[in-house]
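Okay, structure-v2.tsv is below, TSV, C-alpha atoms:
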```
chain	number	residue	atom	x	y	z
A	17	MET	CA	8.93	37.11	20.19
A	18	THR	CA	5.45	35.62	20.29
A	19	ALA	CA	3.98	33.15	17.81
A	20	THR	CA	1.84	34.65	15.08
A	21	PRO	CA	-1.80	33.69	15.54
A	22	PRO	CA	-3.50	32.10	12.52
A	23	LEU	CA	-5.02	34.57	10.10
A	24	THR	CA	-8.76	34.69	10.51
A	25	THR	CA	-11.54	36.74	9.07
A	26	PRO	CA	-14.98	37.39	10.52
A	27	ILE	CA	-17.54	34.89	9.29
A	28	ASP	CA	-21.33	35.13	9.14
A	29	CYS	CA	-23.86	32.78	10.70
A	30	GLU	CA	-24.33	30.68	7.58
A	31	THR	CA	-20.62	30.06	7.24
A	32	ALA	CA	-20.38	29.13	10.91
A	33	VAL	CA	-23.29	26.71	10.70
A	34	ARG	CA	-21.96	25.14	7.51
A	35	ARG	CA	-18.94	24.19	9.59
A	36	LEU	CA	-21.03	22.90	12.50
A	37	TRP	CA	-20.29	19.17	12.25
A	38	ASP	CA	-16.68	19.59	11.19
A	39	TYR	CA	-16.14	21.96	14.12
A	40	ILE	CA	-17.72	19.64	16.66
A	41	ASP	CA	-15.80	16.67	15.27
A	42	GLY	CA	-12.53	18.60	15.48
A	43	ALA	CA	-12.02	18.17	11.75
A	44	LEU	CA	-11.50	21.82	10.81
A	45	ALA	CA	-8.17	23.44	10.04
A	46	GLU	CA	-6.97	25.57	12.95
A	47	HIS	CA	-7.76	28.93	11.37
A	48	ALA	CA	-11.25	27.78	10.37
A	49	ALA	CA	-11.93	26.50	13.87
A	50	VAL	CA	-10.77	29.79	15.36
A	51	GLU	CA	-13.11	31.65	13.02
A	52	VAL	CA	-16.04	29.55	14.22
A	53	ALA	CA	-15.08	29.96	17.88
A	54	THR	CA	-14.75	33.70	17.44
A	55	HIS	CA	-18.13	33.87	15.75
A	56	LEU	CA	-19.79	31.79	18.48
A	57	ALA	CA	-18.38	34.07	21.16
A	58	ALA	CA	-20.02	37.08	19.56
A	59	CYS	CA	-23.24	35.63	18.10
A	60	ALA	CA	-26.53	35.22	19.94
A	61	LYS	CA	-28.18	32.90	17.40
A	62	CYS	CA	-25.62	30.23	16.61
A	63	PRO	CA	-24.48	28.85	19.99
A	64	PRO	CA	-27.81	27.08	20.68
A	65	HIS	CA	-27.48	25.16	17.40
A	66	PHE	CA	-24.00	24.01	18.34
A	67	ALA	CA	-25.04	23.14	21.88
A	68	PHE	CA	-27.98	21.11	20.61
A	69	ALA	CA	-25.78	19.34	18.08
A	70	ARG	CA	-23.29	18.38	20.80
A	71	SER	CA	-26.08	17.05	23.03
A	72	PHE	CA	-27.55	15.15	20.11
A	73	LEU	CA	-24.23	13.48	19.32
A	74	LEU	CA	-23.69	12.59	22.97
A	75	ALA	CA	-27.09	10.89	22.99
A	76	VAL	CA	-26.25	8.97	19.81
A	77	GLY	CA	-22.89	7.93	21.25
A	78	ARG	CA	-24.53	6.66	24.41
A	79	THR	CA	-26.34	3.98	22.40
A	80	ALA	CA	-22.96	2.24	22.47
A	81	THR	CA	-23.61	1.24	26.06
A	82	ILE	CA	-26.07	-1.38	24.82
A	83	ALA	CA	-24.07	-4.38	23.71
A	84	PRO	CA	-26.44	-7.15	22.63
A	85	HIS	CA	-24.26	-10.19	22.93
A	86	GLY	CA	-24.16	-13.09	25.29
A	87	ALA	CA	-22.28	-16.17	26.30
A	88	ALA	CA	-23.96	-18.11	23.50
A	89	THR	CA	-22.35	-15.92	20.85
A	90	ARG	CA	-18.92	-16.30	22.42
A	91	GLU	CA	-19.32	-20.07	22.68
A	92	ARG	CA	-20.39	-20.28	19.05
A	93	VAL	CA	-17.36	-18.27	17.94
A	94	LEU	CA	-15.00	-20.38	20.05
A	95	ARG	CA	-16.37	-23.60	18.55
A	96	ALA	CA	-15.97	-22.25	15.02
A	97	LEU	CA	-12.40	-21.20	15.80
A	98	GLU	CA	-11.58	-24.59	17.29
A	99	ALA	CA	-12.61	-26.19	14.01
A	100	GLU	CA	-9.76	-24.18	12.47
A	101	GLY	CA	-7.05	-25.06	14.99
A	102	PHE	CA	-7.65	-22.59	17.79
A	103	SER	CA	-7.32	-23.96	21.32
A	104	ARG	CA	-9.09	-22.10	24.05
A	105	ALA	CA	-7.45	-21.36	27.36
A	106	GLY	CA	-8.18	-23.69	30.27
B	21	MET	CA	2.87	-21.04	11.71
B	22	THR	CA	-0.44	-22.05	10.18
B	23	ALA	CA	-3.99	-21.61	11.34
B	24	THR	CA	-4.44	-25.38	11.36
B	25	ASP	CA	-1.59	-26.00	13.77
B	26	PRO	CA	-1.11	-22.94	15.94
B	27	PRO	CA	1.12	-22.91	18.96
B	28	ASP	CA	-0.81	-22.52	22.17
B	29	ALA	CA	0.72	-19.10	22.66
B	30	VAL	CA	-0.96	-17.91	19.48
B	31	SER	CA	-4.36	-19.09	20.68
B	32	VAL	CA	-3.79	-17.54	24.06
B	33	ALA	CA	-2.83	-14.22	22.53
B	34	PHE	CA	-5.76	-14.33	20.11
B	35	GLU	CA	-8.23	-15.08	22.89
B	36	ARG	CA	-6.80	-12.44	25.18
B	37	GLU	CA	-6.49	-9.67	22.61
B	38	VAL	CA	-8.98	-10.37	19.84
B	39	LEU	CA	-11.82	-12.19	21.52
B	40	ALA	CA	-11.82	-9.56	24.22
B	41	LEU	CA	-13.30	-7.28	21.57
B	42	LEU	CA	-16.30	-9.54	20.98
B	43	PRO	CA	-18.74	-7.15	22.72
B	44	ASP	CA	-17.67	-4.31	20.43
B	45	LEU	CA	-17.94	-6.51	17.36
B	46	ALA	CA	-21.30	-7.90	18.42
B	47	ARG	CA	-22.69	-4.42	18.91
B	48	TYR	CA	-21.42	-3.26	15.53
B	49	ALA	CA	-22.65	-6.39	13.77
B	50	ARG	CA	-26.06	-6.14	15.38
B	51	ALA	CA	-26.40	-2.54	14.31
B	52	LEU	CA	-25.29	-3.34	10.77
B	53	THR	CA	-27.49	-6.35	10.22
B	54	ARG	CA	-30.47	-5.38	12.42
B	55	ASP	CA	-31.05	-9.07	12.99
B	56	ALA	CA	-29.78	-11.16	15.90
B	57	ALA	CA	-29.14	-14.31	13.88
B	58	ASP	CA	-27.46	-12.43	11.03
B	59	ALA	CA	-25.34	-10.57	13.58
B	60	ASP	CA	-24.18	-13.84	15.13
B	61	ASP	CA	-23.25	-15.13	11.69
B	62	LEU	CA	-21.33	-11.94	10.96
B	63	VAL	CA	-19.50	-12.04	14.29
B	64	GLN	CA	-18.47	-15.62	13.71
B	65	GLU	CA	-17.32	-14.85	10.16
B	66	THR	CA	-15.35	-11.87	11.41
B	67	PHE	CA	-13.48	-13.83	14.06
B	68	LEU	CA	-12.77	-16.68	11.66
B	69	ARG	CA	-11.28	-14.25	9.17
B	70	ALA	CA	-9.34	-12.57	11.95
B	71	TRP	CA	-7.98	-15.93	13.10
B	72	ARG	CA	-6.92	-16.82	9.57
B	73	GLY	CA	-5.20	-13.47	9.17
B	74	TRP	CA	-3.89	-13.06	12.71
B	75	HIS	CA	-0.33	-13.94	11.70
B	76	THR	CA	-0.39	-11.08	9.20
B	77	PHE	CA	-1.77	-8.49	11.61
B	78	ASP	CA	0.52	-5.47	11.83
B	79	ARG	CA	0.95	-4.66	15.50
B	80	ALA	CA	1.40	-1.01	14.59
B	81	ARG	CA	-2.28	-0.95	13.66
B	82	GLU	CA	-5.11	-0.53	16.09
B	83	LEU	CA	-6.63	-3.95	16.67
B	84	ARG	CA	-10.18	-2.76	17.10
B	85	ARG	CA	-10.09	-0.86	13.81
B	86	TRP	CA	-8.67	-3.94	12.08
B	87	LEU	CA	-11.53	-6.07	13.37
B	88	LEU	CA	-14.15	-3.48	12.43
B	89	ALA	CA	-12.72	-3.41	8.91
B	90	ILE	CA	-12.92	-7.20	8.65
B	91	CYS	CA	-16.48	-7.09	9.95
B	92	HIS	CA	-17.47	-4.36	7.52
B	93	HIS	CA	-16.04	-6.16	4.51
B	94	ALA	CA	-17.64	-9.45	5.57
B	95	PHE	CA	-20.96	-7.64	5.85
B	96	ILE	CA	-20.58	-6.13	2.39
B	97	ARG	CA	-19.72	-9.50	0.89
B	98	SER	CA	-22.73	-11.09	2.53
B	99	ARG	CA	-24.98	-8.40	1.13
B	100	GLU	CA	-23.47	-8.73	-2.33
B	101	ARG	CA	-24.21	-12.38	-2.20
B	102	ALA	CA	-27.78	-11.68	-1.15
B	103	ARG	CA	-28.62	-9.06	-3.71
B	104	ARG	CA	-27.17	-6.66	-6.22
B	105	ILE	CA	-26.42	-3.29	-4.68
B	106	GLN	CA	-28.21	-0.40	-6.36
B	107	LEU	CA	-25.97	2.52	-7.22
B	108	THR	CA	-27.48	5.95	-6.77
B	109	ASP	CA	-26.04	9.40	-6.88
B	110	GLU	CA	-25.28	11.06	-3.54
B	111	GLY	CA	-24.78	14.52	-5.00
B	112	THR	CA	-25.09	16.22	-1.63
B	113	ASP	CA	-23.05	19.14	-0.35
B	114	ALA	CA	-22.09	17.97	3.12
B	115	GLU	CA	-22.20	21.48	4.55
B	116	LEU	CA	-25.75	21.96	3.30
B	117	GLU	CA	-26.70	19.09	5.58
B	118	ALA	CA	-25.28	21.02	8.52
B	119	LEU	CA	-27.34	24.03	7.50
B	120	ALA	CA	-30.45	21.89	7.21
B	121	ALA	CA	-29.80	20.37	10.62
B	122	ALA	CA	-29.51	23.82	12.18
B	123	ARG	CA	-32.70	24.96	10.47
B	124	GLY	CA	-34.46	21.88	11.76
B	125	HIS	CA	-33.23	22.65	15.24
B	126	ALA	CA	-34.37	26.27	14.98
B	127	ALA	CA	-37.88	25.18	13.98
B	128	ALA	CA	-37.99	22.62	16.77
B	129	ALA	CA	-36.71	25.12	19.30
B	130	ARG	CA	-39.63	27.41	18.54
B	131	GLU	CA	-41.93	24.61	19.72
B	132	GLY	CA	-39.72	23.77	22.68
B	133	LEU	CA	-39.08	20.35	21.16
B	134	ASP	CA	-35.32	20.50	21.56
B	135	VAL	CA	-35.58	20.85	25.32
B	136	ARG	CA	-38.17	18.07	25.48
B	137	LEU	CA	-36.02	15.84	23.31
B	138	LEU	CA	-32.93	16.14	25.47
B	139	ALA	CA	-34.95	15.37	28.59
B	140	MET	CA	-36.23	12.07	27.17
B	141	ASP	CA	-34.78	8.57	27.29
B	142	LEU	CA	-33.66	8.48	23.69
B	143	GLY	CA	-31.97	5.09	23.60
B	144	PRO	CA	-34.77	3.11	21.93
B	145	ALA	CA	-35.65	5.94	19.55
B	146	ILE	CA	-32.03	6.41	18.51
B	147	ARG	CA	-31.52	2.73	17.90
B	148	ALA	CA	-34.72	2.57	15.84
B	149	ALA	CA	-33.69	5.63	13.84
B	150	ILE	CA	-30.19	4.25	13.19
B	151	ASP	CA	-31.67	0.90	12.17
B	152	ALA	CA	-33.87	2.69	9.67
B	153	LEU	CA	-30.94	4.32	7.88
B	154	ALA	CA	-29.78	2.80	4.61
B	155	PRO	CA	-26.65	0.68	5.21
B	156	PRO	CA	-24.01	3.08	3.80
B	157	PHE	CA	-25.28	5.85	6.08
B	158	ARG	CA	-25.76	3.57	9.06
B	159	THR	CA	-22.22	2.27	8.73
B	160	VAL	CA	-20.66	5.73	8.83
B	161	VAL	CA	-22.76	6.87	11.79
B	162	LEU	CA	-21.90	3.75	13.74
B	163	LEU	CA	-18.20	4.10	13.06
B	164	VAL	CA	-17.92	7.83	13.80
B	165	ASP	CA	-20.62	8.57	16.35
B	166	VAL	CA	-20.77	5.28	18.21
B	167	GLU	CA	-17.33	3.72	17.76
B	168	GLY	CA	-15.45	7.02	17.79
B	169	ALA	CA	-13.54	6.65	14.53
B	170	SER	CA	-12.17	9.70	12.72
B	171	TYR	CA	-13.14	10.69	9.18
B	172	ASP	CA	-9.70	9.52	8.01
B	173	GLU	CA	-10.06	6.16	9.68
B	174	VAL	CA	-13.51	5.58	8.21
B	175	ALA	CA	-12.35	6.61	4.74
B	176	THR	CA	-9.51	4.10	4.94
B	177	LEU	CA	-11.65	1.38	6.45
B	178	LEU	CA	-14.42	1.70	3.88
B	179	GLY	CA	-12.19	2.59	0.95
B	180	ILE	CA	-14.09	5.79	0.14
B	181	PRO	CA	-13.02	9.45	-0.06
B	182	ILE	CA	-13.21	11.60	3.07
B	183	GLY	CA	-15.70	13.83	1.26
B	184	THR	CA	-18.03	10.87	0.92
B	185	VAL	CA	-17.61	10.05	4.60
B	186	ARG	CA	-18.57	13.62	5.49
B	187	SER	CA	-21.55	13.78	3.16
B	188	ARG	CA	-22.93	10.45	4.36
B	189	LEU	CA	-22.29	11.29	8.00
B	190	PHE	CA	-23.81	14.74	7.90
B	191	ARG	CA	-26.80	13.55	5.96
B	192	ALA	CA	-27.37	10.68	8.35
B	193	ARG	CA	-27.09	13.00	11.35
B	194	ARG	CA	-29.68	15.34	9.87
B	195	VAL	CA	-32.04	12.46	9.19
B	196	LEU	CA	-31.50	11.10	12.71
B	197	GLN	CA	-32.07	14.51	14.22
B	198	GLU	CA	-35.30	14.93	12.27
B	199	ALA	CA	-36.47	11.48	13.34
B	200	LEU	CA	-35.74	12.21	16.99
B	201	LEU	CA	-37.43	15.59	16.91
B	202	GLU	CA	-40.45	13.92	15.36
B	203	HIS	CA	-40.28	11.39	18.18
B	204	ALA	CA	-40.29	14.21	20.72
B	205	ARG	CA	-43.17	15.90	18.91
B	206	ASP	CA	-45.22	12.69	19.03
B	207	ALA	CA	-44.32	12.11	22.66
B	208	GLY	CA	-45.90	15.44	23.46
B	209	PHE	CA	-49.26	14.14	22.38
B	210	ARG	CA	-49.08	10.45	23.15
B	211	THR	CA	-48.15	8.36	26.12
B	212	VAL	CA	-47.09	5.32	24.10
B	213	ALA	CA	-43.95	5.08	22.02
B	214	PRO	CA	-44.57	5.92	18.37
B	215	THR	CA	-43.77	3.51	15.58
B	216	PRO	CA	-40.36	4.48	14.19
B	217	GLN	CA	-40.68	6.16	10.83
B	218	THR	CA	-38.95	4.66	7.88
B	219	ILE	CA	-35.82	6.63	7.06
B	220	THR	CA	-34.45	5.96	3.63
B	221	PRO	CA	-31.94	8.44	2.30
B	222	THR	CA	-30.73	7.50	-1.16
B	223	ALA	CA	-28.43	4.54	-0.87
B	224	PRO	CA	-25.04	4.83	-2.53
B	225	ALA	CA	-22.70	1.91	-2.79
B	226	PRO	CA	-20.96	1.28	0.54
```

Output the file's structure in the form of structure tokens.
Amino acid sequence: MTATPPLTTPIDCETAVRRLWDYIDGALAEHAAVEVATHLAACAKCPPHFAFARSFLLAVGRTATIAPHGAATRERVLRALEAEGFSRAG
Amino acid sequence: MTATDPPDAVSVAFEREVLALLPDLARYARALTRDAADADDLVQETFLRAWRGWHTFDRARELRRWLLAICHHAFIRSRERARRIQLTDEGTDAELEALAAARGHAAAAREGLDVRLLAMDLGPAIRAAIDALAPPFRTVVLLVDVEGASYDEVATLLGIPIGTVRSRLFRARRVLQEALLEHARDAGFRTVAPTPQTITPTAPAP
């Protein structure tokens, strides 16, 4: 006996796009995500929106590679902690 | 154990586990405050609070999330001290923001802007656009899109409903997308970087 797939109904482009961010973020319920995936597989208009949105989010996420901190910040934090009983290693 | 007389092992553990996250905290603080000196103050305040509360930290929790929460609340307190926060109505259907983002993309695609945008070095433009967001929106974008937190985690961390997380996030993404497409449009006609536009969605309480 095979597992019953989640019940899904065909959705239109507007419904699919309304779910765009939730779908990309993996925040949709399973049946809703399947409905979007099914729609994307059959639609010519929507996939570019989703592809662009994914690329956009990747670009935003990549800003995390810039970490503006230096040794001065760490030293300042260590000194403040030492004033409250912390003892640094070494 | 007290914070004024900690065993060496406590300091060692704190330095190894907590201070190792200083780069993450510094990045988050810098993005929140948009000012190097304010960010340093916030980082220091965060680690002091973490040190004071280290003995209460629940090891079942994720340390980085705990620190981000401390940082966020310290930031909010510093802002409350600086000025009264203006309450405004969000009143936005989160899914309408997704629709608006797709419409914006469709219009840009007709000009070929989307392809141009994704071929550009977007780092400076993205940072400028994120900096221009009002703090409640900037916070959610940083936590979800940069730090990788889930809606649930952000809702818990900020003490707001998941629906509010979604509406702020989706609205911020649309505004960021519009700003970046505008950046790409300008780059098509100019060889110098454009001045970042001011992006001020209505600012709800954080």

Each chain A residue no farther than 9 Å from chain B, nearest pair in Å, all atoms listed in the file, as CSV:
```
residue,atom,partner,partner_atom,distance
A:Glu30,CA,B:Leu119,CA,7.3
A:Val33,CA,B:Leu119,CA,5.8
A:Arg34,CA,B:Glu115,CA,4.7
A:Arg35,CA,B:Glu115,CA,6.6
A:Leu36,CA,B:Ala118,CA,6.1
A:Trp37,CA,B:Ala118,CA,6.5
A:Asp38,CA,B:Arg186,CA,8.5
A:Asp41,CA,B:Ser170,CA,8.3
A:Ala43,CA,B:Tyr171,CA,8.0
A:Cys62,CA,B:Ala122,CA,8.7
A:Pro64,CA,B:Ala126,CA,8.7
A:His65,CA,B:Ala122,CA,5.8
A:Phe66,CA,B:Ala122,CA,8.3
A:Phe68,CA,B:Asp134,CA,7.4
A:Ala69,CA,B:Ala122,CA,8.3
A:Ser71,CA,B:Leu138,CA,7.3
A:Phe72,CA,B:Gln197,CA,7.5
A:Leu73,CA,B:Asp165,CA,6.8
A:Leu74,CA,B:Asp165,CA,8.3
A:Ala75,CA,B:Leu142,CA,7.0
A:Val76,CA,B:Ile146,CA,6.5
A:Gly77,CA,B:Val166,CA,4.6
A:Arg78,CA,B:Val166,CA,7.4
A:Thr79,CA,B:Gly143,CA,5.9
A:Ala80,CA,B:Val166,CA,5.7
A:Ile82,CA,B:Arg47,CA,7.5
A:Ala83,CA,B:Arg47,CA,5.0
A:Pro84,CA,B:Arg47,CA,5.9
A:His85,CA,B:Ala46,CA,5.9
A:Gly86,CA,B:Pro43,CA,8.4
A:Thr89,CA,B:Asp60,CA,6.4
A:Arg90,CA,B:Leu42,CA,7.4
A:Arg92,CA,B:Gln64,CA,7.3
A:Val93,CA,B:Gln64,CA,5.1
A:Leu94,CA,B:Gln64,CA,8.7
A:Ala96,CA,B:Gln64,CA,7.2
A:Leu97,CA,B:Leu68,CA,6.1
A:Ala99,CA,B:Thr24,CA,8.6
A:Glu100,CA,B:Thr24,CA,5.6
A:Gly101,CA,B:Thr24,CA,4.5
A:Phe102,CA,B:Ser31,CA,5.6
A:Ser103,CA,B:Ser31,CA,5.7
A:Arg104,CA,B:Ser31,CA,6.5
A:Ala105,CA,B:Val32,CA,6.2
```

Which residue of A:Ala67, A:Ala53, A:Glu98, A:Ala87 approaches Thr31 in chain A most closely, using all atoms listed in the file: A:Ala53

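With CA of Leu153 in chain B on one side and CA of His92 in chain B on the other, the separation reads 16.0 Å.
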
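Between CA of Leu41 in chain B and CA of Gly73 in chain B there is a distance of 16.1 Å.
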
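The space separating CA of Thr54 in chain A from CA of Asp28 in chain A comes to 10.7 Å.
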
Nearest to Ala169 in chain B, chosen from B:Ala94, B:Ala127, B:Ala148, B:Leu88, with all atoms listed in the file counted in the distances: B:Leu88

Of the candidates A:Tyr39, A:Ile27, A:Ala88, A:Arg95, which one gets nearest to Ala58 in chain A if we count all atoms listed in the file? A:Ile27
